[in-house]
>>> print(open('run.csv').read())   # CSV, C-alpha atoms and all ligand atoms
chain,number,residue,atom,x,y,z
K,1,MET,CA,81.8,-21.3,37.0
K,2,THR,CA,82.8,-22.8,40.4
K,3,PRO,CA,79.9,-24.2,42.5
K,4,ILE,CA,78.1,-22.0,45.0
K,5,ASP,CA,79.5,-22.2,48.6
K,6,SER,CA,76.7,-20.3,50.4
K,7,THR,CA,73.1,-19.4,49.7
K,8,MET,CA,71.3,-16.7,51.5
K,9,SER,CA,67.6,-15.5,51.3
K,10,VAL,CA,66.8,-12.0,52.2
K,11,PRO,CA,63.9,-9.6,51.4
K,12,VAL,CA,66.2,-7.0,49.8
K,13,ALA,CA,69.6,-7.4,48.0
K,14,ILE,CA,71.5,-4.2,47.5
K,15,VAL,CA,74.1,-3.8,44.8
K,16,GLY,CA,76.4,-1.1,46.0
K,17,ALA,CA,77.8,-0.3,49.5
K,18,GLY,CA,78.4,3.4,49.1
K,19,PRO,CA,76.4,5.9,51.2
K,20,ALA,CA,73.1,5.2,49.4
K,21,GLY,CA,73.3,1.4,49.6
K,22,LEU,CA,74.5,1.4,53.3
K,23,MET,CA,72.0,4.0,54.4
K,24,LEU,CA,69.2,2.0,52.8
K,25,ALA,CA,70.4,-1.1,54.6
K,26,HIS,CA,70.6,0.8,57.9
K,27,ARG,CA,67.1,2.1,57.5
K,28,LEU,CA,65.7,-1.3,56.5
K,29,GLY,CA,67.5,-2.9,59.4
K,30,ARG,CA,65.7,-0.5,61.8
K,31,ALA,CA,62.4,-1.7,60.3
K,32,GLY,CA,63.4,-5.3,61.0
K,33,ILE,CA,64.1,-6.1,57.3
K,34,SER,CA,67.4,-7.9,56.7
K,35,CYS,CA,69.4,-7.3,53.5
K,36,VAL,CA,72.8,-7.9,52.0
K,37,ASN,CA,75.0,-5.3,50.4
K,38,ILE,CA,77.7,-6.2,47.8
K,39,ASP,CA,80.2,-3.8,46.2
K,40,ILE,CA,83.0,-4.5,43.8
K,41,ARG,CA,85.2,-1.9,45.5
K,42,SER,CA,87.1,-2.6,48.7
K,43,ARG,CA,86.2,-0.7,51.8
K,44,ASP,CA,89.6,1.0,51.6
K,45,GLU,CA,89.0,2.0,48.0
K,46,ILE,CA,85.7,3.7,48.8
K,47,GLU,CA,87.2,5.4,51.9
K,48,THR,CA,90.1,6.9,50.1
K,49,THR,CA,88.1,8.3,47.1
K,50,HIS,CA,87.5,11.9,47.8
K,51,ARG,CA,84.0,13.2,47.0
K,52,ALA,CA,82.0,16.2,47.8
K,53,GLY,CA,81.7,17.6,51.3
K,54,ILE,CA,78.3,19.2,51.9
K,55,LEU,CA,75.4,17.6,53.7
K,56,GLU,CA,71.9,19.2,54.0
K,57,ALA,CA,71.0,19.8,57.6
K,58,PRO,CA,68.1,17.2,57.5
K,59,ALA,CA,70.5,14.6,56.2
K,60,ALA,CA,73.0,15.4,59.0
K,61,ARG,CA,70.1,15.1,61.5
K,62,ASP,CA,69.1,11.8,60.0
K,63,LEU,CA,72.6,10.3,60.6
K,64,VAL,CA,72.2,11.2,64.3
K,65,GLU,CA,68.5,10.5,64.8
K,66,THR,CA,68.5,7.1,63.1
K,67,GLY,CA,71.4,6.0,65.2
K,68,VAL,CA,74.1,5.8,62.5
K,69,SER,CA,76.5,8.1,64.5
K,70,ASP,CA,76.6,11.5,66.1
K,71,ARG,CA,80.2,12.1,64.8
K,72,VAL,CA,78.9,14.7,62.3
K,73,LEU,CA,78.1,17.0,65.3
K,74,ARG,CA,81.7,16.7,66.5
K,75,ASP,CA,83.8,16.5,63.4
K,76,GLY,CA,81.5,18.3,61.0
K,77,HIS,CA,81.1,22.1,60.7
K,78,GLU,CA,77.8,23.8,60.4
K,79,HIS,CA,77.8,26.5,57.6
K,80,ARG,CA,75.2,29.1,57.7
K,81,GLY,CA,76.0,30.5,54.2
K,82,ILE,CA,78.3,30.6,51.2
K,83,GLU,CA,80.2,33.3,49.4
K,84,LEU,CA,79.7,34.0,45.8
K,85,ARG,CA,82.7,36.0,44.3
K,86,PHE,CA,82.5,37.7,41.0
K,87,GLY,CA,83.7,41.0,39.6
K,88,GLY,CA,86.5,40.7,42.2
K,89,ARG,CA,84.0,41.1,45.1
K,90,PRO,CA,82.6,38.9,47.8
K,91,HIS,CA,78.8,38.4,48.2
K,92,ARG,CA,77.5,36.4,51.1
K,93,ILE,CA,74.4,34.2,50.7
K,94,ASP,CA,73.1,34.0,54.3
K,95,PHE,CA,71.1,30.7,54.5
K,96,ALA,CA,70.2,31.1,58.1
K,97,ASP,CA,68.7,34.6,57.5
K,98,LEU,CA,67.1,33.8,54.1
K,99,VAL,CA,65.5,30.4,54.7
K,100,GLY,CA,66.3,29.5,58.3
K,101,GLU,CA,68.5,26.6,57.3
K,102,SER,CA,72.2,25.7,57.2
K,103,VAL,CA,74.3,22.9,55.7
K,104,TRP,CA,77.1,20.8,57.2
K,105,LEU,CA,80.6,20.5,55.9
K,106,TYR,CA,81.1,16.7,56.4
K,107,PRO,CA,82.9,14.8,53.6
K,108,GLN,CA,81.1,12.0,51.9
K,109,THR,CA,84.0,9.7,52.9
K,110,ASP,CA,83.1,10.4,56.6
K,111,VAL,CA,79.4,9.6,55.9
K,112,PHE,CA,80.6,6.3,54.4
K,113,ILE,CA,82.9,5.5,57.3
K,114,ASP,CA,80.0,6.1,59.8
K,115,LEU,CA,77.6,4.0,57.8
K,116,ALA,CA,80.1,1.1,57.3
K,117,ASP,CA,80.9,1.1,61.0
K,118,ALA,CA,77.2,1.2,61.9
K,119,ARG,CA,76.5,-1.8,59.6
K,120,ALA,CA,79.4,-3.8,61.3
K,121,ARG,CA,78.1,-2.8,64.8
K,122,ASP,CA,74.5,-3.7,64.0
K,123,GLY,CA,75.4,-7.1,62.4
K,124,GLY,CA,74.6,-6.1,58.8
K,125,THR,CA,75.9,-8.3,56.0
K,126,VAL,CA,78.2,-6.3,53.7
K,127,PHE,CA,80.5,-7.8,51.1
K,128,PHE,CA,83.2,-5.4,49.9
K,129,GLY,CA,85.6,-6.2,47.1
K,130,VAL,CA,83.4,-8.8,45.3
K,131,SER,CA,83.8,-9.9,41.7
K,132,GLN,CA,82.0,-11.9,39.0
K,133,VAL,CA,78.7,-10.4,39.9
K,134,ASP,CA,75.7,-11.8,38.0
K,135,VAL,CA,72.2,-10.6,38.6
K,136,THR,CA,69.5,-13.0,37.4
K,137,ASP,CA,65.9,-12.2,36.9
K,138,ALA,CA,66.4,-8.7,38.3
K,139,VAL,CA,63.0,-7.4,37.3
K,140,ALA,CA,61.1,-10.7,37.9
K,141,ALA,CA,59.4,-12.0,41.1
K,142,ALA,CA,62.4,-14.1,42.3
K,143,PRO,CA,65.7,-12.3,41.5
K,144,SER,CA,69.0,-13.6,42.6
K,145,ILE,CA,72.6,-12.4,42.7
K,146,ARG,CA,75.7,-14.6,42.4
K,147,PHE,CA,79.1,-13.3,43.2
K,148,THR,CA,82.6,-14.2,44.4
K,149,SER,CA,83.6,-12.6,47.7
K,150,ALA,CA,87.0,-11.2,48.4
K,151,ASP,CA,88.1,-14.5,50.0
K,152,GLY,CA,87.3,-16.4,46.8
K,153,ALA,CA,84.0,-18.1,48.0
K,154,ARG,CA,81.0,-18.2,45.6
K,155,HIS,CA,77.7,-16.9,47.0
K,156,GLU,CA,74.1,-16.7,45.9
K,157,VAL,CA,71.7,-14.2,47.4
K,158,ARG,CA,68.0,-14.8,46.7
K,159,ALA,CA,65.8,-11.8,47.3
K,160,ARG,CA,62.3,-10.4,46.8
K,161,TYR,CA,63.7,-7.1,45.6
K,162,VAL,CA,67.0,-5.9,44.2
K,163,VAL,CA,68.1,-2.3,44.7
K,164,GLY,CA,70.7,-0.9,42.3
K,165,ALA,CA,72.7,1.6,44.4
K,166,ASP,CA,75.8,0.9,42.4
K,167,GLY,CA,76.8,4.5,41.5
K,168,SER,CA,77.3,6.4,38.3
K,169,ARG,CA,78.8,3.4,36.4
K,170,SER,CA,75.8,1.3,37.5
K,171,VAL,CA,75.4,-2.1,36.0
K,172,CYS,CA,71.9,-2.5,37.5
K,173,ARG,CA,70.5,0.4,35.4
K,174,GLY,CA,71.1,-1.7,32.3
K,175,LEU,CA,68.9,-4.5,33.7
K,176,THR,CA,65.6,-2.7,33.1
K,177,PRO,CA,64.2,-3.6,29.7
K,178,ALA,CA,65.9,-1.4,27.0
K,179,SER,CA,62.5,-0.7,25.4
K,180,GLU,CA,61.1,0.7,28.7
K,181,ARG,CA,63.9,3.1,29.8
K,182,VAL,CA,64.6,6.6,28.9
K,183,GLN,CA,68.0,8.2,29.6
K,184,TYR,CA,68.5,11.9,29.8
K,185,PHE,CA,72.1,13.0,29.4
K,186,ARG,CA,74.2,16.1,29.2
K,187,GLU,CA,77.9,16.5,29.1
K,188,TYR,CA,79.8,19.7,29.8
K,189,PRO,CA,82.9,21.0,28.0
K,190,PHE,CA,84.8,21.5,31.3
K,191,ALA,CA,85.7,19.6,34.4
K,192,TRP,CA,87.1,20.3,37.9
K,193,PHE,CA,90.7,19.9,38.9
K,194,GLY,CA,90.4,19.0,42.6
K,195,ILE,CA,93.2,19.3,45.1
K,196,LEU,CA,93.8,18.5,48.7
K,197,CYS,CA,96.5,20.6,50.4
K,198,ARG,CA,98.1,20.9,53.7
K,199,ALA,CA,97.3,24.5,54.6
K,200,PRO,CA,95.3,26.5,57.1
K,201,ILE,CA,91.7,27.5,56.3
K,202,SER,CA,91.5,30.4,53.8
K,203,ALA,CA,87.8,31.4,54.4
K,204,PRO,CA,85.2,30.5,57.0
K,205,GLU,CA,82.7,29.3,54.5
K,206,LEU,CA,82.8,27.9,50.9
K,207,VAL,CA,83.7,30.4,48.2
K,208,TYR,CA,82.3,29.9,44.7
K,209,ALA,CA,84.3,32.2,42.5
K,210,HIS,CA,83.4,33.3,39.0
K,211,SER,CA,86.2,35.0,37.1
K,212,ASP,CA,87.3,35.9,33.5
K,213,ARG,CA,89.8,33.1,33.9
K,214,GLY,CA,87.2,30.4,34.9
K,215,PHE,CA,85.6,29.1,38.0
K,216,ALA,CA,87.2,28.1,41.4
K,217,LEU,CA,85.8,26.7,44.6
K,218,ILE,CA,87.4,27.0,47.9
K,219,SER,CA,86.3,24.3,50.4
K,220,GLN,CA,87.7,22.9,53.6
K,221,ARG,CA,88.3,19.6,55.3
K,222,THR,CA,90.1,20.3,58.6
K,223,ASP,CA,92.0,23.1,60.3
K,224,THR,CA,95.1,21.8,58.5
K,225,VAL,CA,93.8,20.2,55.3
K,226,GLN,CA,91.9,22.1,52.6
K,227,ARG,CA,89.9,21.0,49.5
K,228,MET,CA,89.9,23.3,46.4
K,229,TYR,CA,88.8,23.0,42.8
K,230,LEU,CA,89.5,24.9,39.6
K,231,GLN,CA,87.7,24.7,36.3
K,232,CYS,CA,89.8,22.8,33.7
K,233,ASP,CA,89.6,21.0,30.5
K,234,PRO,CA,88.0,17.5,30.7
K,235,ASP,CA,91.2,16.0,29.3
K,236,GLU,CA,93.5,18.0,31.6
K,237,ASP,CA,96.7,16.1,32.5
K,238,VAL,CA,97.2,16.6,36.2
K,239,THR,CA,100.9,15.8,35.9
K,240,ALA,CA,101.4,19.0,33.9
K,241,TRP,CA,100.5,21.0,36.9
K,242,ASP,CA,103.1,21.6,39.7
K,243,ASP,CA,102.2,23.3,43.0
K,244,ALA,CA,103.3,26.7,41.9
K,245,ARG,CA,101.1,26.7,38.7
K,246,ILE,CA,98.1,25.5,40.7
K,247,TRP,CA,98.4,28.2,43.4
K,248,GLU,CA,99.0,30.9,40.8
K,249,THR,CA,95.9,29.8,38.9
K,250,LEU,CA,93.7,29.6,42.1
K,251,GLN,CA,95.0,32.9,43.4
K,252,ALA,CA,94.2,34.6,40.1
K,253,ARG,CA,90.6,33.3,40.1
K,254,VAL,CA,89.8,34.5,43.6
K,255,ALA,CA,91.7,37.8,43.4
K,256,GLY,CA,89.7,40.9,44.0
K,257,ASP,CA,89.4,44.5,45.3
K,258,ASP,CA,89.3,43.2,48.9
K,259,GLY,CA,92.8,41.8,48.6
K,260,PHE,CA,91.6,38.2,49.4
K,261,ARG,CA,94.4,35.6,49.2
K,262,LEU,CA,94.4,31.9,49.7
K,263,ARG,CA,96.7,30.4,52.3
K,264,GLU,CA,99.0,28.1,50.4
K,265,GLY,CA,100.7,24.8,51.4
K,266,PRO,CA,101.9,21.5,49.8
K,267,ILE,CA,99.4,19.8,47.5
K,268,VAL,CA,98.9,16.2,48.4
K,269,GLU,CA,96.3,15.1,45.9
K,270,LYS,CA,95.2,16.0,42.4
K,271,THR,CA,92.3,14.6,40.4
K,272,VAL,CA,90.1,15.6,37.5
K,273,LEU,CA,86.3,15.3,38.0
K,274,ARG,CA,84.3,15.2,34.8
K,275,PHE,CA,80.8,16.7,34.7
K,276,ARG,CA,77.7,15.1,33.6
K,277,SER,CA,74.0,15.4,34.1
K,278,PHE,CA,72.1,12.1,33.8
K,279,VAL,CA,68.7,10.7,34.7
K,280,GLN,CA,67.3,7.3,33.9
K,281,GLN,CA,63.6,6.7,34.1
K,282,PRO,CA,61.7,4.8,35.3
K,283,MET,CA,63.6,4.4,38.7
K,284,ARG,CA,61.7,1.1,39.2
K,285,TRP,CA,60.9,-1.8,37.0
K,286,GLY,CA,59.3,-4.9,38.5
K,287,SER,CA,61.5,-6.0,41.4
K,288,LEU,CA,64.4,-3.7,40.5
K,289,LEU,CA,64.7,-0.3,42.1
K,290,LEU,CA,67.4,2.3,41.3
K,291,ALA,CA,68.7,4.8,43.9
K,292,GLY,CA,71.3,7.6,44.0
K,293,ASP,CA,73.9,8.0,41.2
K,294,ALA,CA,72.7,4.8,39.6
K,295,ALA,CA,69.5,6.6,38.7
K,296,HIS,CA,70.8,10.1,38.3
K,297,THR,CA,74.1,12.0,38.5
K,298,VAL,CA,74.6,15.8,38.7
K,299,PRO,CA,77.6,18.0,38.2
K,300,PRO,CA,79.2,18.8,41.6
K,301,THR,CA,78.6,22.6,41.6
K,302,GLY,CA,75.6,22.6,43.9
K,303,ALA,CA,76.7,19.7,46.1
K,304,ARG,CA,73.5,17.9,45.4
K,305,GLY,CA,74.6,14.4,44.5
K,306,LEU,CA,75.0,12.8,47.9
K,307,ASN,CA,72.0,14.6,49.3
K,308,LEU,CA,69.8,13.4,46.5
K,309,ALA,CA,71.0,9.8,47.0
K,310,LEU,CA,70.2,10.0,50.7
K,311,HIS,CA,66.7,11.4,49.9
K,312,ASP,CA,66.0,8.6,47.5
K,313,VAL,CA,66.8,5.9,50.1
K,314,LYS,CA,64.8,7.6,52.8
K,315,ILE,CA,61.7,7.2,50.5
K,316,LEU,CA,62.8,3.8,49.3
K,317,ALA,CA,63.2,2.4,52.8
K,318,GLU,CA,59.7,3.5,53.7
K,319,VAL,CA,58.2,2.2,50.5
K,320,LEU,CA,60.0,-1.2,50.7
K,321,THR,CA,58.9,-1.6,54.3
K,322,ARG,CA,55.3,-1.1,53.2
K,323,ALA,CA,55.7,-3.4,50.2
K,324,LEU,CA,57.1,-6.2,52.4
K,325,GLY,CA,54.2,-5.8,54.8
K,326,PRO,CA,50.4,-6.2,54.4
K,327,GLU,CA,50.2,-3.5,51.7
K,328,GLY,CA,52.3,-5.5,49.3
K,329,GLU,CA,53.9,-4.6,46.1
K,330,SER,CA,51.5,-1.8,45.1
K,331,ALA,CA,53.4,0.4,47.7
K,332,LEU,CA,56.4,0.5,45.3
K,333,ALA,CA,54.4,2.7,42.9
K,334,ASP,CA,55.0,5.6,45.3
K,335,TYR,CA,58.7,5.5,45.0
K,336,GLU,CA,59.4,7.3,41.7
K,337,PRO,CA,56.8,10.0,41.9
K,338,ARG,CA,58.1,11.0,45.4
K,339,ALA,CA,61.8,10.8,44.4
K,340,LEU,CA,61.7,12.2,40.9
K,341,GLY,CA,60.4,15.7,41.7
K,342,ARG,CA,63.5,16.4,43.7
K,343,VAL,CA,65.7,14.8,41.2
K,344,TRP,CA,64.7,17.2,38.4
K,345,LYS,CA,64.8,20.2,40.8
K,346,ALA,CA,68.4,19.2,41.7
K,347,GLN,CA,69.2,18.6,38.0
K,348,ASN,CA,68.1,22.1,37.3
K,349,PHE,CA,69.9,23.7,40.2
K,350,SER,CA,73.2,21.9,39.5
K,351,TRP,CA,73.0,22.9,35.8
K,352,TRP,CA,72.1,26.5,36.7
K,353,MET,CA,74.9,26.9,39.2
K,354,THR,CA,77.3,25.3,36.7
K,355,GLN,CA,76.4,27.5,33.7
K,356,MET,CA,76.3,30.6,35.8
K,357,LEU,CA,79.8,30.2,37.2
K,358,HIS,CA,81.9,28.5,34.6
K,359,SER,CA,83.3,29.9,31.3
K,360,ALA,CA,82.5,27.7,28.4
K,361,PRO,CA,85.2,27.3,25.8
K,362,GLY,CA,84.8,30.0,23.2
K,363,ALA,CA,82.6,32.1,25.4
K,364,SER,CA,82.2,35.6,24.0
K,365,ASP,CA,82.4,39.0,25.8
K,366,PHE,CA,78.6,39.0,25.6
K,367,ASP,CA,78.4,35.6,27.4
K,368,ARG,CA,80.7,36.8,30.2
K,369,ALA,CA,78.8,40.1,30.7
K,370,ARG,CA,75.5,38.3,30.7
K,371,GLN,CA,76.7,35.9,33.4
K,372,LEU,CA,77.7,38.9,35.5
K,373,GLY,CA,74.2,40.2,35.0
K,374,GLU,CA,72.7,36.9,36.2
K,375,LEU,CA,75.0,36.8,39.2
K,376,ASP,CA,74.0,40.4,40.0
K,377,ASN,CA,70.4,39.4,39.8
K,378,VAL,CA,71.0,36.6,42.3
K,379,VAL,CA,72.9,38.6,44.9
K,380,SER,CA,71.2,42.1,44.7
K,381,THR,CA,67.7,41.2,45.8
K,382,ARG,CA,66.5,39.1,48.8
K,383,ALA,CA,64.4,37.1,46.4
K,384,GLY,CA,67.4,36.2,44.3
K,385,ARG,CA,69.5,35.2,47.3
K,386,ALA,CA,66.6,33.2,48.8
K,387,TYR,CA,66.2,31.4,45.4
K,388,LEU,CA,69.8,30.1,45.7
K,389,ALA,CA,69.6,29.5,49.4
K,390,GLU,CA,66.4,27.4,49.2
K,391,GLN,CA,68.0,25.1,46.6
K,392,TYR,CA,71.4,24.8,48.1
K,393,THR,CA,70.1,23.8,51.5
K,394,GLY,CA,67.6,21.3,50.0
K,395,TRP,CA,63.9,21.4,49.5
K,396,PRO,CA,61.3,20.3,52.0
K,397,SER,CA,61.4,16.4,52.1
K,398,GLU,CA,58.6,14.5,50.6
K,399,GLY,CA,59.7,11.5,52.6
Q,401,LIG,C1,83.7,19.7,48.6
Q,401,LIG,O1,84.0,20.2,49.7
Q,401,LIG,O2,84.3,18.8,48.1
Q,401,LIG,C2,82.6,20.4,47.8
Q,401,LIG,C3,81.8,21.3,48.3
Q,401,LIG,C4,80.8,21.9,47.6
Q,401,LIG,C5,80.6,21.5,46.3
Q,401,LIG,C6,81.4,20.5,45.7
Q,401,LIG,C7,82.4,20.0,46.5
Q,401,LIG,O3,79.6,22.2,45.5
>>> encode(input="run.csv", output="C-alpha cells", more="lines below")
Ligand code: PHB
Amino acid sequence: MTPIDSTMSVPVAIVGAGPAGLMLAHRLGRAGISCVNIDIRSRDEIETTHRAGILEAPAARDLVETGVSDRVLRDGHEHRGIELRFGGRPHRIDFADLVGESVWLYPQTDVFIDLADARARDGGTVFFGVSQVDVTDAVAAAPSIRFTSADGARHEVRARYVVGADGSRSVCRGLTPASERVQYFREYPFAWFGILCRAPISAPELVYAHSDRGFALISQRTDTVQRMYLQCDPDEDVTAWDDARIWETLQARVAGDDGFRLREGPIVEKTVLRFRSFVQQPMRWGSLLLAGDAAHTVPPTGARGLNLALHDVKILAEVLTRALGPEGESALADYEPRALGRVWKAQNFSWWMTQMLHSAPGASDFDRARQLGELDNVVSTRAGRAYLAEQYTGWPSEG
C-alpha cells in the first residue's frame, strides 16, 4: 500500500457522509468538537439518488434551529395529513386535528444538499468519493481509519471514537465482534417501483392506496415533478414497463367511486426499491457507534428511515459531547437505551403499514377482506386514526 500523505487526529471520525453522518458532524461542530466524514460515494452520486421525502416536524425545525439551513421552510411543504384509499374511497388522516402535528414534504436529497453545503460553509472536513477504506482497532481505545481520497492521496485519521453512519450496506456494522452482535432481519416478498414524472400535482397530500391489484403511493416533489410508487415483484425488470403500462397500473390502483384520476406526464426515472426490516444490536461496542441505516433499516411505507437516523444522531451528538468532556466514556452507555426504543417502535410501524397496505403473493380472499377490516378499524374511530397519526408524525423525542 502506498505511504500515508497526511495524518489527522480528531475526537470523532465518521464513516458515511449521508444525512446521518453530516448531521452528526454539524451537531458536534456546534459543540466545538471537530470530526472528519468520509464516504465512498461522490457528492453527485448521493445527490442524485432519490430517496424518501417526508420529514417529521421536529426534524425540519432542527434543520432551521441548529443553523443548517432554513430552505425547508421555503422549498418544503407542510402536510397536515395523509389520505388512505381503500375500497375505492378516500379517508383522510388529519394529523393536525388528531395529534396537533404535521410533517414536511422535503426530499432526503435536499436535506443532504443543505447539510453538505453547511459543512462546507462551516469549514467541516468531508471527503467524498474515497476508496481503499481500512478501519483499524474500531472498537479499541485508539481507532484509526486509512483511506485514499478522490485525488489519489492516502490519509490516516486517528480518532477517539468511530461512528458508522455508512448506510444499509454498512461495513462498520461488521466491525463489532461477531460473538457480541445480534441481527434481526425480515425480507418482504414485494418491492416498490418508484417513478419520477413531469406532471402537475394530482393530490394535495400523500395518498397511500390499497387495492385488489396491490399498493400505490402518490407523492410529490414540485409543482411540475411528481414521485409515485407501485407495489411490484422484488425482481421486477423496469425496462419491461413503458409509460403507458405504468400509468394504466397506477390509475387502476387509485381508481374509485369518487372518480379520482392521476394527472399523467412523461416518466423520467424508474427504479425498484427492495424492502427489508433490519436491526443490529448493540448499537455501540467499545469506541464504535452505529447510527441510522447502518444500525437499522425499515421498509419505506411509513417514511421512518431518515427520521430515525436523524433522531439517532441527535442523541449521539449529545452523548459523544458528554463522553469527550468531564463525564468521560460512561456517558456512551446512554446512547442505545435512548435510541433503541424508537427504533423498535418504528420497526413495528413500518411493518404494520406495509402488511396492511400491500398484497402478498398468494394472498387469499380472506387475507384481502381481513385487510379491509383492519383499514376500517383505523379510519372509522378517532382512536384508530390517532394511532396512525401519532406514529407517522413521530414520537416525542427522548433526545
Ligand atoms: C416519497 O415522497 O418519496 C415518499 C413519501 C412517503 C413514503 C415513502 C416515500 O412513505
>>> atom_distance(input="run.csv", atom1="CA of Val238 (chain K)", atom2="CA of Trp192 (chain K)")
10.9 Å
>>> closest_atom_pairs(input="run.csv", of="chain K", to="ligand LIG 401 (chain Q)", cutoff="8 Å", atoms="only C-alpha atoms and all ligand atoms", output="JSON lines")
{"residue": "K:His50", "atom": "CA", "partner": "Q:LIG401", "partner_atom": "O2", "distance": 7.6}
{"residue": "K:Arg51", "atom": "CA", "partner": "Q:LIG401", "partner_atom": "O2", "distance": 5.7}
{"residue": "K:Ala52", "atom": "CA", "partner": "Q:LIG401", "partner_atom": "O2", "distance": 3.5}
{"residue": "K:Gly53", "atom": "CA", "partner": "Q:LIG401", "partner_atom": "O1", "distance": 3.8}
{"residue": "K:Ile54", "atom": "CA", "partner": "Q:LIG401", "partner_atom": "C3", "distance": 5.4}
{"residue": "K:Leu105", "atom": "CA", "partner": "Q:LIG401", "partner_atom": "O1", "distance": 7.1}
{"residue": "K:Pro107", "atom": "CA", "partner": "Q:LIG401", "partner_atom": "O1", "distance": 6.8}
{"residue": "K:Leu206", "atom": "CA", "partner": "Q:LIG401", "partner_atom": "C4", "distance": 7.1}
{"residue": "K:Leu217", "atom": "CA", "partner": "Q:LIG401", "partner_atom": "C5", "distance": 7.5}
{"residue": "K:Ile218", "atom": "CA", "partner": "Q:LIG401", "partner_atom": "O1", "distance": 7.8}
{"residue": "K:Ser219", "atom": "CA", "partner": "Q:LIG401", "partner_atom": "O1", "distance": 4.8}
{"residue": "K:Gln220", "atom": "CA", "partner": "Q:LIG401", "partner_atom": "O1", "distance": 6.0}
{"residue": "K:Arg221", "atom": "CA", "partner": "Q:LIG401", "partner_atom": "O1", "distance": 7.1}
{"residue": "K:Arg227", "atom": "CA", "partner": "Q:LIG401", "partner_atom": "O1", "distance": 6.0}
{"residue": "K:Met228", "atom": "CA", "partner": "Q:LIG401", "partner_atom": "O2", "distance": 7.4}
{"residue": "K:Tyr229", "atom": "CA", "partner": "Q:LIG401", "partner_atom": "C7", "distance": 8.0}
{"residue": "K:Pro300", "atom": "CA", "partner": "Q:LIG401", "partner_atom": "C6", "distance": 5.0}
{"residue": "K:Thr301", "atom": "CA", "partner": "Q:LIG401", "partner_atom": "O3", "distance": 4.0}
{"residue": "K:Gly302", "atom": "CA", "partner": "Q:LIG401", "partner_atom": "O3", "distance": 4.3}
{"residue": "K:Ala303", "atom": "CA", "partner": "Q:LIG401", "partner_atom": "O3", "distance": 3.9}
{"residue": "K:Arg304", "atom": "CA", "partner": "Q:LIG401", "partner_atom": "O3", "distance": 7.5}
>>> closest_residue(input="run.csv", among="K:Glu47, K:Asp243, K:Glu187, K:Asp110", to="Trp351 (chain K)", atoms="only C-alpha atoms")
K:Glu187
>>> closest_residue(input="run.csv", among="K:Leu324, K:Val379, K:Ala31, K:Ala57", to="Ala96 (chain K)", atoms="only C-alpha atoms")
K:Ala57
>>> closest_residue(input="run.csv", among="K:Tyr106, K:His26, K:Glu56, K:Arg119", to="Leu73 (chain K)", atoms="only C-alpha atoms")
K:Tyr106
>>> closest_residue(input="run.csv", among="K:Arg198, K:Gly29, K:Thr7, K:Glu180", to="Gly123 (chain K)", atoms="only C-alpha atoms")
K:Gly29
>>> closest_residue(input="run.csv", among="K:Val68, K:Cys172, K:Ala389, K:Ile201", to="Val225 (chain K)", atoms="only C-alpha atoms")
K:Ile201
>>> atom_distance(input="run.csv", atom1="CA of Glu264 (chain K)", atom2="CA of Leu55 (chain K)")
26.0 Å
